[in-house]
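One structure below.
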Amino acid sequence: MAKVPAGDWVPYVEAFVDVSRSPAEQSASVDALAALVNKDKLTLFDLVSKMDMYLTTTDHIVRSRGIMLLGEIMSQISLKLLDVNAITTLSDFFISRLSDWQALRGALVGCLALLQREPSVGTIMIADVKRLVESLIDNVPVQSLAAADRKLCFQIICCVLDHYPEAVKTMDDELLIWICQSIDEEKDPECLKLSFHLVEVVMKLFSDPSGLASQFASDLFELLSKYFPVYFTHGVGDNVGLPRDELSRALMHAFCATPYFEPFAIPLLLDKLSSSLPLAKLDSLKYLDNCIRCYGADRMVSHTSAIWFKLKEVIFSLSSDQLLSTGSPKDAEKNKNQIVSEAKNCLRTAVTCIHSTDRDIFINLILLDEDIVNNIHSVTTEEKSICRSSHDLNQLQALGSVISIIAESSTYFCTRVFQVHFARLVDILGSSAGFKSQHLNICNGSSSAAINYGALYLSVQMLSSCREVAVASRGDFPPVKSEKESWWLILEEKLDPFIHLLGKLLSIDSQPIQSAVTQKYVSCAVKGLLILTTFPEHCSLLLANAYEDILLMLTSVVARKYENIHLWRLSLETLTSIGKFTVESHASKKEMIYNRIVVDKIIPLAKSCDTSMPLNLRLEACFEIGTTGVSYMLRVARSLEEAVITNISQVNEGMECAEYVAHLIDCYSSQLLPWLFTSGGVNELALSFAMHLWDEIRNVATLDRIRSQGLLDSLMMGMKFLVGVCTEEQQSLIVQKACSIISSMLSLPLKSMMHDLSSVEELVPAHSIQDTALVCLLSSVIVGLRPQTPVPDMIMMINLFWVFLLNGQIPAAHALASIFNKYLHNSEFSDENKLDKILDVILGRCFSVVLASSTLKMSHSSAATSDDANCSGSMSASICLRIDILCGLAWIGKGLLMRGDEKVKDISMFLLKCLVLNQISVDIPPHQEEHSDNVSLDASLATSAADAFHVMMSDSEVCLNKKFHARIKLLYKQRFFSILMPIFLSKIKETPAMTAKLVLYRAFGHIISNAPVSAVITEAHQILLVMVDILAKLSVDIQDKDLVYSLLLVLSGMLMDDKGKECVLENIHIIVSVLTQLVSYPHMMVVRETALQCFVAMSSFPHSKVYRMRPQVLRAAIKALDDKKRTVRQEAVRCRQTWYENYVLLGVGNLALWALSSYFPVGNHH
């Protein structure tokens, strides 16, 4: 490749060496030179030859810049292949420059670049690496350098130790001495992280017992210990660039680098556990946990006693009051719980990892500990229903945790714990409960029949531990069964009385006790039964009859004791967990038992209307049991389908049966179908149900009564979900079935609708309520279809829905919207133009009907079409009917908008004309006939047109969503917002009448609140004042409360965005005034709460901009302190405190500065 002439690249060298050039120019010069070298347009030899003057001059500034340039270039050509001679020459040069303290940084950069090269492109020789390290030791006093240079030194030595360890393995103690000197007193976080890694690597490298690591362990750990625990003293605005946790993790790895740190690290960590700083305690426990794992059992045995006593102190005695905390009491409690949890993890590690020839040394230390013995004695000798205080309960839970940790550690430890405690605990429970007694007494007192809660709790904890041991043992379990006095044999011996006791606890129903007490006993009992039934099959203690008994207990509770909702839900959750475990473990015998006792008993609960259990609980029970496996959920689905089909014909017998069927359909569509859809196997089921529903609809003689009793809406929603989950082929079958039934039952002449749209208007008043119900159900099928599903007789279908839309039926509009959104597949439409023409006819006709007799029509609106003379019948249509048609147009517009169809503009412009009807009516002469009626009609249409924009922009659950396969174009809401925004701003500006302006406000508010916040913020400078005025004006009417809340959320989003903040600051006075009004908004609590949250967000704005607003904000916050809702009062306290702290203190500081400045005369500032 042709070389670049020197005249072309030498200016880059000169630009970098010239200290007067900007950093950007110098960086660009390095990039340009490196690119030339990488592309072989410039050789390193030529570069170094031309730079000779800059590399060797006596001018130290020029020399340092020249060496830095060469080093930077080497960093950027790390992937370029270089021969041995070139690398050796460069190595010699950069190593020699390490003694040139005035040009040291460039030499360090060059050395690091050479060390970081990959072997495939040529690397530095081992001998040269050794010379580099020796030169570094001899010539570079690290701690006298700047932070950036110190970082380079640490990077170099870390790179040597990581990638070239053989170069330093034979070195004497000079390396360790230099490392100690380099680390000492280091404070920069980045350098500290590297130095910690340096210690970790060097201690592992010289790990021989007689090596340097053992000799320098004390010195190095002394240096490390100064940084424990890691905490930053930097200010909030300081750019540290390194998280504290990352630095602490690096220090922890250094602590764990070598067992030679054990004599120094363990005493330090145990001592720091006495600190009142939460951070020190937490880090001590984390470090101790890792050190125990790394140092080995032989070294840790001598610390077992000290470790146990310190961990015991934390687990049993730590309280949040002992911790220094600047936060709330909740924060202190959270810190305490985190520390205790870490202490338990550390104990688990100690029990597992610290072994010795006497393997009982640690377990004896714990089990024979005086405090542990006393605690166990306390909770098992006092006959009390529950711990008398939170302290007693915490002690019991701590004791249970310690015993569980020991028992879970190994089979041997589990056996030891069981030998010492389990049999005695069960005996205590048996004697206190009295197994022959039919009733249990769990009241406080000294009654001989009172159950000991402590013994119950500890027994269940031990049971859980032995299950964990059984799961872990797997193939090694058979010896446990045969071993003398093993935990398995002890549990087997006590199993029957223990199960009997747990079962009796489930019978607690109407005893004179506090519910909290009952719940603790019941929770323990149910947990115990769950543990027993979920033992792995290879080590299960339960015989078939015992397993059946437990399932019968729990199933009986679910079927009969629904009054005790806590016990009922616990039992249901337990049965569900047992079922899932049985299915996942492939225990065929247990699965058969579960199927017979639980599934066969629970699933039929949903079928009956006359059971005393509330329907919502029956459905919940069926669904939860169904979640144990797909086969069970399919049984639930078939059961619900059968119940719906059986009872749908009985709807006319009473309202209760109709409500029952509606609940079944809702559960099926909103819970079962989504669950089955994620698990697979739902298509055939949905197809079968939909077909059966249509068969049943055909047989219902009085379909209109279904609608009158409120069942139609549920049937429609259920049909949408059923059709939505089916495949295209299955949907086609459902459509054909529905069309067949519709054509046989509908009273309208469908043949006349097959080809012509002109006769539709004549059929508008010619149908019955039964026809309406049938068409509504058909519309549900159309809504759920996939775009590629073939639909027969599309012209007839569109005409049919058009007829019912003109009659004010919104479901027909949903169907039309889905058709035009998806452009459903049909052979009648060879191209989209035909469907577009049909859409034009429908829109034009609907426009005419809506505006008939309106002032807009009277004023010769262009929206009227040429065939208005033929629609005298629709001129008398009621206001409600026209509003429904207008809403239907909004749904069609929504379908077109989501698809990205340009025809949505026609509907949008029509809605805009409707919005200004109030304004037009002002210009009509007052003596004109029917003026007052038209004004009323115009006002209603304008209001409905405003709400139509909400329909078009908001997300819908009833149709046109992903579940129902709508076509959704990306960013359609943003585009619609951008198109309509200037139009609305212009209309609002041109409209003087407040009545007409309020309608525009409502419509524009719907568009703003439903548009993505990012799109609104982009136009904040144009719409913010209008949006705030909308908030102020609409806050008067309770009907607009949801819109007010949505707009307030948009405003709060602006407060969080930098661009939005700029616009808010420009109009801060107006915004604060409106928010002050909303703090007292009477119609919705969340509006008041959000307004206060906006004030809190504004407290972080620049002081000079918002300080004048402080009195107004504080008055509003103080007024909100008397709000009826607690959430609002809490937010008011937060708002008041934030503004008081941020601005009162800052204001005092400014006042003090002003006072001091008055002492200095003007013109004399010495």
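Going through the structure tokens in order, the chains are called A, B, and so on, while each chain numbers its residues from 1 and the ligands are numbered from 1 in the order shown.
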Near A:Ile361, within 12 Å and counting only C-alpha atoms, which residues show up once chain neighbours fewer than 4 positions away are dropped, as a list in words?
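Neighbouring residues, sequence-local ones excluded: Val301, Ser302, His303, Thr304, Ser305, Trp308, Ala350, Val351, Ile354, His355, Ser356, Thr357, Leu365, Ile366, Leu367, Leu368, Asp369 and Phe413 of chain A.
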Using N, CA, C and O atoms, can you export the residues from the last selection as a CSV table (one decimal), in the first residue's frame?
chain,number,residue,atom,x,y,z
A,301,VAL,N,-11.0,-23.8,62.7
A,301,VAL,CA,-11.4,-24.5,63.9
A,301,VAL,C,-11.1,-23.7,65.1
A,301,VAL,O,-12.0,-23.7,66.1
A,302,SER,N,-10.0,-23.1,65.2
A,302,SER,CA,-9.6,-22.4,66.4
A,302,SER,C,-10.5,-21.2,66.7
A,302,SER,O,-10.6,-20.6,67.8
A,303,HIS,N,-11.3,-20.7,65.7
A,303,HIS,CA,-12.1,-19.5,65.9
A,303,HIS,C,-13.6,-19.9,66.1
A,303,HIS,O,-14.5,-19.0,66.1
A,304,THR,N,-13.9,-21.2,66.1
A,304,THR,CA,-15.3,-21.6,66.1
A,304,THR,C,-16.1,-21.0,67.3
A,304,THR,O,-17.2,-20.5,67.2
A,305,SER,N,-15.5,-21.0,68.5
A,305,SER,CA,-16.2,-20.5,69.6
A,305,SER,C,-16.4,-19.0,69.5
A,305,SER,O,-17.6,-18.5,69.7
A,308,TRP,N,-19.2,-18.3,66.8
A,308,TRP,CA,-20.5,-18.7,67.3
A,308,TRP,C,-21.0,-17.6,68.3
A,308,TRP,O,-22.2,-17.1,68.1
A,350,ALA,N,-20.5,-21.5,58.3
A,350,ALA,CA,-19.6,-22.0,59.3
A,350,ALA,C,-19.9,-23.4,59.7
A,350,ALA,O,-19.0,-24.3,59.8
A,351,VAL,N,-21.1,-23.8,59.8
A,351,VAL,CA,-21.5,-25.1,60.2
A,351,VAL,C,-21.2,-26.1,59.1
A,351,VAL,O,-20.7,-27.2,59.3
A,354,ILE,N,-16.7,-25.7,58.5
A,354,ILE,CA,-15.7,-25.9,59.5
A,354,ILE,C,-15.8,-27.3,60.1
A,354,ILE,O,-16.7,-27.6,60.8
A,355,HIS,N,-14.9,-28.1,59.6
A,355,HIS,CA,-14.8,-29.5,60.0
A,355,HIS,C,-13.5,-29.8,60.8
A,355,HIS,O,-12.6,-29.0,60.7
A,356,SER,N,-13.6,-30.8,61.6
A,356,SER,CA,-12.3,-31.3,62.3
A,356,SER,C,-12.4,-32.7,62.5
A,356,SER,O,-13.4,-33.4,62.2
A,357,THR,N,-11.4,-33.3,63.2
A,357,THR,CA,-11.5,-34.7,63.5
A,357,THR,C,-12.6,-35.0,64.4
A,357,THR,O,-13.2,-36.1,64.3
A,365,LEU,N,-21.0,-27.1,70.5
A,365,LEU,CA,-20.9,-25.7,70.9
A,365,LEU,C,-22.2,-25.0,70.8
A,365,LEU,O,-22.6,-24.2,71.7
A,366,ILE,N,-23.0,-25.3,69.8
A,366,ILE,CA,-24.3,-24.6,69.7
A,366,ILE,C,-25.4,-25.3,70.5
A,366,ILE,O,-26.1,-24.6,71.3
A,367,LEU,N,-25.6,-26.6,70.4
A,367,LEU,CA,-26.7,-27.3,71.1
A,367,LEU,C,-26.5,-27.3,72.6
A,367,LEU,O,-27.5,-27.3,73.3
A,368,LEU,N,-25.2,-27.2,73.0
A,368,LEU,CA,-25.0,-27.2,74.5
A,368,LEU,C,-24.8,-25.8,75.0
A,368,LEU,O,-24.5,-25.6,76.2
A,369,ASP,N,-24.9,-24.8,74.1
A,369,ASP,CA,-24.8,-23.4,74.6
A,369,ASP,C,-25.9,-23.1,75.6
A,369,ASP,O,-27.0,-23.5,75.5
A,413,PHE,N,-25.8,-34.1,61.2
A,413,PHE,CA,-26.3,-33.0,62.0
A,413,PHE,C,-27.8,-33.0,62.2
A,413,PHE,O,-28.3,-32.7,63.3
Going by DSSP on the backbone, which residues of stretch 668-739 of chain A come out as helix (DSSP H, G or I)? List them as a ChimeraX atom specification.
/A:668-679,683-699,703-708,712-724,728-739
Show which residues sit within 6 Å of stretch 34-40 of chain A, as a list in words. Count only C-alpha atoms, and ignore same-chain residues fewer than 3 positions away.
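The contact residues come out as Asp31, Thr43 and Ile73 of chain A.
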I'd like the neighbourhood of A:Glu468 as a list of chain:residue names, where a residue qualifies if any of its atoms comes within 12 Å (using only C-alpha atoms), though same-chain residues fewer than 5 positions away should be ignored.
A:Ser404, A:Ile405, A:Ile406, A:Ala407, A:Glu408, A:Ser409, A:Ser410, A:Thr411, A:Cys414, A:Gln461, A:Met462, A:Leu463, A:Ser473, A:Arg474, A:Ile531, A:Leu532, A:Thr534, A:Phe535, A:Pro536, A:Cys539
